[in-house]
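Input: a single structure, listed below in structure tokens.
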Amino acid sequence: MALLSINSTEHLFELLNILGFVSAIVFCAVELGITHLVIEKAKSRITNSNSSPDLQVDNSPGNKKRGNDGPSKGDETRHEFYRLLLAALSSRLILLLAEGYMFQEVDCTESVYCTLARTVPDFTFASAFAHLVQFYANLVETANGRPVAFSESFFERTNIFLYSVYFIMIALVGTQVIDFDTFVSAVYFFLAGIYGILFFGIAYFGPTLIKLLQPSLQQRSSLAFRLVGMCFICIIVFLCRTITFLTRATNHAVPFASLDTFLNDNITFCLFELIPSLAILCLMRQSKSNSSSASAGDQSGSNNSRSGSNNGNMRRVNSASANKALLPKNGNGGGYGAV
């Protein structure tokens, strides 16, 4: 079979995708750095309060509820998501360049390496988006006054299992225990199952969370917009990805069958990875107005506490007002909603 060539249109789409992924990587890296600084500042304030007698934090039960115990869970959630998304974006950029090279050197329709270049980032994006589903699921449990449903250790164990299965399939085709067509079908069925689970997860937990928080969200239109927006994006992406992978698994077809394979890949990566990632980054980014509002809420809470301004200085960044909105039943603080 003749090697597939890349024409000028495919080169143009590849260039646009490269520029887009580079921009998204820079955006994500900046947000990751900002969130990291926020977390480190919160940790340093706690360290200073513990080491200085003049800055001791009131550890009474009432004050603990307001969250004088380190970085907010919202900041930690954002930080972990940014880290996973940065890895996914970077893997897609690197392997997109590799795929473009391989399309000119080998027959990518029968190459294990081309399949790996396509699918490795699919798994890394699944890990990043799964963290958002975990975020919604744990918010629902917290809003209902129950312990979180999916811990970080559960998330890590699940990822280890999924990647282990993937690498076992690679080993099987590499040792010719299974043929190439079986390998491709197995990988895409596996991906379809992963994204199908993510779809049903966000389709349940997303609307449930919005329904639970409806009274509070009416007072916070910006927060409601972000929660609904991220939920809608995830539902669309997960559904489209599930259908795409099922189609590829059953007959190795591609979503835009009339287009050349490499051009099809570039369009798919742009629609289902690049654009959703940029949109979610924009939705998760905290504006100065939100920070000021949260700071005002923190200051108001500190004025009512026995320790006055010292406690206000030790409050966690962006925790008070966001947690009031996202935890309407108990308002204990420390929830996942400061996103």
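As shown in the structure tokens, the chain order sets the letters A, B, ...; within each chain, residues go from 1, and ligands are also counted from 1 in the order they appear.
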Neighbour list for Ile18 of chain A as a PyMOL selection string, cut-off 12 Å, only C-alpha atoms, skip fewer than 3 positions in-chain: chain A and resi 11-15+21-25+89-98+100+266-267+269-270+274
Could you take the residues named above and write them with C-alpha atoms, as a CSV table (one decimal), in the first residue's frame?
chain,number,residue,atom,x,y,z
A,11,HIS,CA,-0.2,21.0,6.8
A,12,LEU,CA,-2.3,24.2,7.4
A,13,PHE,CA,-4.6,22.4,9.9
A,14,GLU,CA,-1.6,20.8,11.6
A,15,LEU,CA,0.1,24.2,12.0
A,21,PHE,CA,-2.1,23.5,21.6
A,22,VAL,CA,0.9,25.6,22.4
A,23,SER,CA,-1.4,28.5,23.4
A,24,ALA,CA,-3.4,26.1,25.6
A,25,ILE,CA,-0.3,24.7,27.2
A,89,LEU,CA,-2.1,18.9,26.1
A,90,SER,CA,1.6,18.3,26.0
A,91,SER,CA,1.3,14.6,25.1
A,92,ARG,CA,-1.1,15.5,22.2
A,93,LEU,CA,1.2,18.3,20.9
A,94,ILE,CA,4.3,16.0,21.0
A,95,LEU,CA,2.5,13.0,19.4
A,96,LEU,CA,0.7,15.2,16.8
A,97,LEU,CA,4.1,16.2,15.5
A,98,ALA,CA,5.2,12.5,15.6
A,100,GLY,CA,2.6,14.0,11.1
A,266,ASN,CA,-6.5,17.3,13.2
A,267,ILE,CA,-10.1,18.3,13.1
A,269,PHE,CA,-8.3,16.8,18.1
A,270,CYS,CA,-9.3,20.4,17.7
A,274,LEU,CA,-8.3,21.8,22.1
Need the shell around Glu40 of chain A: protein/DNA/RNA residues with any atom at most 12 Å away, counting only C-alpha atoms. Skip same-chain ones fewer than 3 positions apart. Format as a short mmCIF file (atom, residue, chain, number, x, y, z; two decimals) with N, CA and C atoms, in the first residue's frame?
data_model
loop_
_atom_site.label_atom_id
_atom_site.label_comp_id
_atom_site.auth_asym_id
_atom_site.auth_seq_id
_atom_site.Cartn_x
_atom_site.Cartn_y
_atom_site.Cartn_z
N GLY A 33 0.68 27.62 37.68
CA GLY A 33 1.63 28.35 38.50
C GLY A 33 0.95 29.28 39.50
N ILE A 34 -0.10 29.97 39.05
CA ILE A 34 -0.83 30.88 39.94
C ILE A 34 -1.47 30.11 41.09
N THR A 35 -2.12 28.99 40.75
CA THR A 35 -2.77 28.18 41.78
C THR A 35 -1.75 27.60 42.75
N HIS A 36 -0.59 27.21 42.23
CA HIS A 36 0.46 26.69 43.09
C HIS A 36 0.93 27.74 44.09
N LEU A 37 1.07 28.98 43.64
CA LEU A 37 1.47 30.07 44.54
C LEU A 37 0.42 30.31 45.61
N LYS A 43 -0.30 27.61 52.81
CA LYS A 43 0.48 26.74 53.68
C LYS A 43 1.45 27.54 54.54
N SER A 44 2.07 28.56 53.95
CA SER A 44 3.04 29.36 54.71
C SER A 44 2.36 30.14 55.82
N ARG A 45 1.11 30.60 55.58
CA ARG A 45 0.40 31.31 56.62
C ARG A 45 0.12 30.41 57.82
N ILE A 46 -0.23 29.15 57.52
CA ILE A 46 -0.48 28.21 58.60
C ILE A 46 0.82 27.91 59.35
N THR A 47 1.91 27.76 58.59
CA THR A 47 3.21 27.49 59.22
C THR A 47 3.61 28.65 60.13
N GLY A 70 -5.29 25.31 56.18
CA GLY A 70 -4.48 25.21 54.98
C GLY A 70 -5.22 25.63 53.72
N PRO A 71 -4.69 25.22 52.57
CA PRO A 71 -5.29 25.62 51.29
C PRO A 71 -6.72 25.10 51.14
N SER A 72 -7.54 25.83 50.43
CA SER A 72 -8.92 25.39 50.21
C SER A 72 -8.92 24.19 49.27
N ASP A 75 -8.86 25.18 45.57
CA ASP A 75 -7.55 25.46 44.98
C ASP A 75 -6.81 24.15 44.68
N GLU A 76 -6.90 23.19 45.60
CA GLU A 76 -6.22 21.92 45.38
C GLU A 76 -6.83 21.16 44.20
N HIS A 79 -5.62 22.83 41.03
CA HIS A 79 -4.21 22.54 40.82
C HIS A 79 -4.02 21.16 40.21
N ARG A 316 -8.39 30.99 54.64
CA ARG A 316 -7.96 30.45 53.36
C ARG A 316 -8.46 31.33 52.22
N VAL A 317 -7.67 31.37 51.15
CA VAL A 317 -8.00 32.21 50.02
C VAL A 317 -9.24 31.67 49.31
#
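Interatomic distance, atom CA of His131 of chain A to atom CA of Glu152 of chain A: 9.3 Å.
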Distance of atom CA of Pro207 of chain A from atom CA of Pro276 of chain A, expressed in Å to one decimal place: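 These two atoms are separated by 19.1 Å.
Residues lying within 7 Å of Val133 of chain A, counting only C-alpha atoms and ignoring same-chain neighbours fewer than 4 positions away, are Phe129, Ala137, Leu198, Gly201 and Ile202 of chain A.
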Could those selected residues go to a file with N, CA, C and O atoms, as a PDB file, in the first residue's frame?
ATOM      1  N   PHE A 129     -10.214  14.770  32.380  1.00  0.00           N
ATOM      2  CA  PHE A 129     -11.656  15.001  32.433  1.00  0.00           C
ATOM      3  C   PHE A 129     -12.312  14.181  33.539  1.00  0.00           C
ATOM      4  O   PHE A 129     -13.330  14.598  34.108  1.00  0.00           O
ATOM      5  N   ALA A 137     -19.023  14.745  41.366  1.00  0.00           N
ATOM      6  CA  ALA A 137     -19.552  13.680  42.216  1.00  0.00           C
ATOM      7  C   ALA A 137     -19.330  13.987  43.697  1.00  0.00           C
ATOM      8  O   ALA A 137     -20.240  13.825  44.519  1.00  0.00           O
ATOM      9  N   LEU A 198     -17.648   8.090  31.774  1.00  0.00           N
ATOM     10  CA  LEU A 198     -17.535   9.507  32.108  1.00  0.00           C
ATOM     11  C   LEU A 198     -18.801  10.263  31.694  1.00  0.00           C
ATOM     12  O   LEU A 198     -19.270  11.156  32.415  1.00  0.00           O
ATOM     13  N   GLY A 201     -21.532   9.463  34.108  1.00  0.00           N
ATOM     14  CA  GLY A 201     -21.204  10.074  35.388  1.00  0.00           C
ATOM     15  C   GLY A 201     -21.537  11.548  35.421  1.00  0.00           C
ATOM     16  O   GLY A 201     -22.227  12.026  36.339  1.00  0.00           O
ATOM     17  N   ILE A 202     -21.089  12.288  34.410  1.00  0.00           N
ATOM     18  CA  ILE A 202     -21.345  13.732  34.405  1.00  0.00           C
ATOM     19  C   ILE A 202     -22.814  14.008  34.090  1.00  0.00           C
ATOM     20  O   ILE A 202     -23.383  14.999  34.568  1.00  0.00           O
TER      21      ILE A 202
END
For Glu80 of chain A: contacts at 12 Å, only C-alpha atoms, fewer than 6 positions along chain excluded, given as JSON, numbers by chain: {"A": [28, 29, 31, 32, 33, 35, 36, 39, 73, 74, 86, 87, 127, 128, 129, 130, 131, 132, 134, 135, 152, 155, 156]}
Residues of segment 100-291 of chain A in alpha helix (DSSP H), written as number ranges by chain: A: 100-105, 112-143, 152-174, 180-212, 214-217, 221-251, 261-269, 275-284, 288-291
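Nearest to Tyr204 of chain A of all the residues A:Val30, A:Phe272, A:Thr182, A:Val140 is A:Val140, counting only C-alpha atoms.
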Interatomic distance, atom CA of Cys240 of chain A to atom CA of Phe199 of chain A (Å, one decimal):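 Answer for the atom CA of Cys240 of chain A to atom CA of Phe199 of chain A separation: 9.5 Å.
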Residues near Glu273 of chain A, cut-off 9 Å, only C-alpha atoms, skip fewer than 4 positions along chain, as a VMD selection string: chain A and resid 89 122 125 237 268 to 269 277 to 278
Any chance you can output those residues with N, CA and C atoms as a PDB file, in the first residue's frame?
ATOM      1  N   LEU A  89      -2.421  17.929  27.232  1.00  0.00           N
ATOM      2  CA  LEU A  89      -2.147  18.853  26.123  1.00  0.00           C
ATOM      3  C   LEU A  89      -0.742  18.651  25.574  1.00  0.00           C
ATOM      4  N   ASP A 122      -5.463  10.281  24.183  1.00  0.00           N
ATOM      5  CA  ASP A 122      -6.870  10.026  24.514  1.00  0.00           C
ATOM      6  C   ASP A 122      -7.006   9.553  25.960  1.00  0.00           C
ATOM      7  N   PHE A 125      -6.176  12.624  28.347  1.00  0.00           N
ATOM      8  CA  PHE A 125      -7.326  13.527  28.428  1.00  0.00           C
ATOM      9  C   PHE A 125      -8.449  12.894  29.256  1.00  0.00           C
ATOM     10  N   VAL A 237     -18.614  16.521  24.917  1.00  0.00           N
ATOM     11  CA  VAL A 237     -17.333  15.902  24.564  1.00  0.00           C
ATOM     12  C   VAL A 237     -17.362  14.405  24.828  1.00  0.00           C
ATOM     13  N   THR A 268     -10.549  16.345  14.534  1.00  0.00           N
ATOM     14  CA  THR A 268     -11.043  15.675  15.738  1.00  0.00           C
ATOM     15  C   THR A 268     -10.359  16.201  16.989  1.00  0.00           C
ATOM     16  N   PHE A 269      -9.027  16.332  16.932  1.00  0.00           N
ATOM     17  CA  PHE A 269      -8.280  16.823  18.092  1.00  0.00           C
ATOM     18  C   PHE A 269      -8.689  18.253  18.448  1.00  0.00           C
ATOM     19  N   SER A 277     -10.792  22.169  26.069  1.00  0.00           N
ATOM     20  CA  SER A 277      -9.790  22.474  27.096  1.00  0.00           C
ATOM     21  C   SER A 277      -9.680  23.976  27.326  1.00  0.00           C
ATOM     22  N   LEU A 278      -9.640  24.738  26.240  1.00  0.00           N
ATOM     23  CA  LEU A 278      -9.560  26.196  26.367  1.00  0.00           C
ATOM     24  C   LEU A 278     -10.812  26.752  27.043  1.00  0.00           C
TER      25      LEU A 278
END
Minimum-distance residue to Cys231 of chain A, chosen among A:Met169, A:Ile280, A:Val184, A:Val106 (using only C-alpha atoms): A:Ile280
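The nearest approach to Leu84 of chain A among the residues A:Ser216, A:Asn159, A:Ser153, A:Ser111, with only C-alpha atoms taken into account, belongs to A:Asn159.
Among the candidates A:Phe180, A:Asn48, A:Leu239, A:Tyr82, the one nearest to Leu281 of chain A when counting only C-alpha atoms is A:Tyr82.
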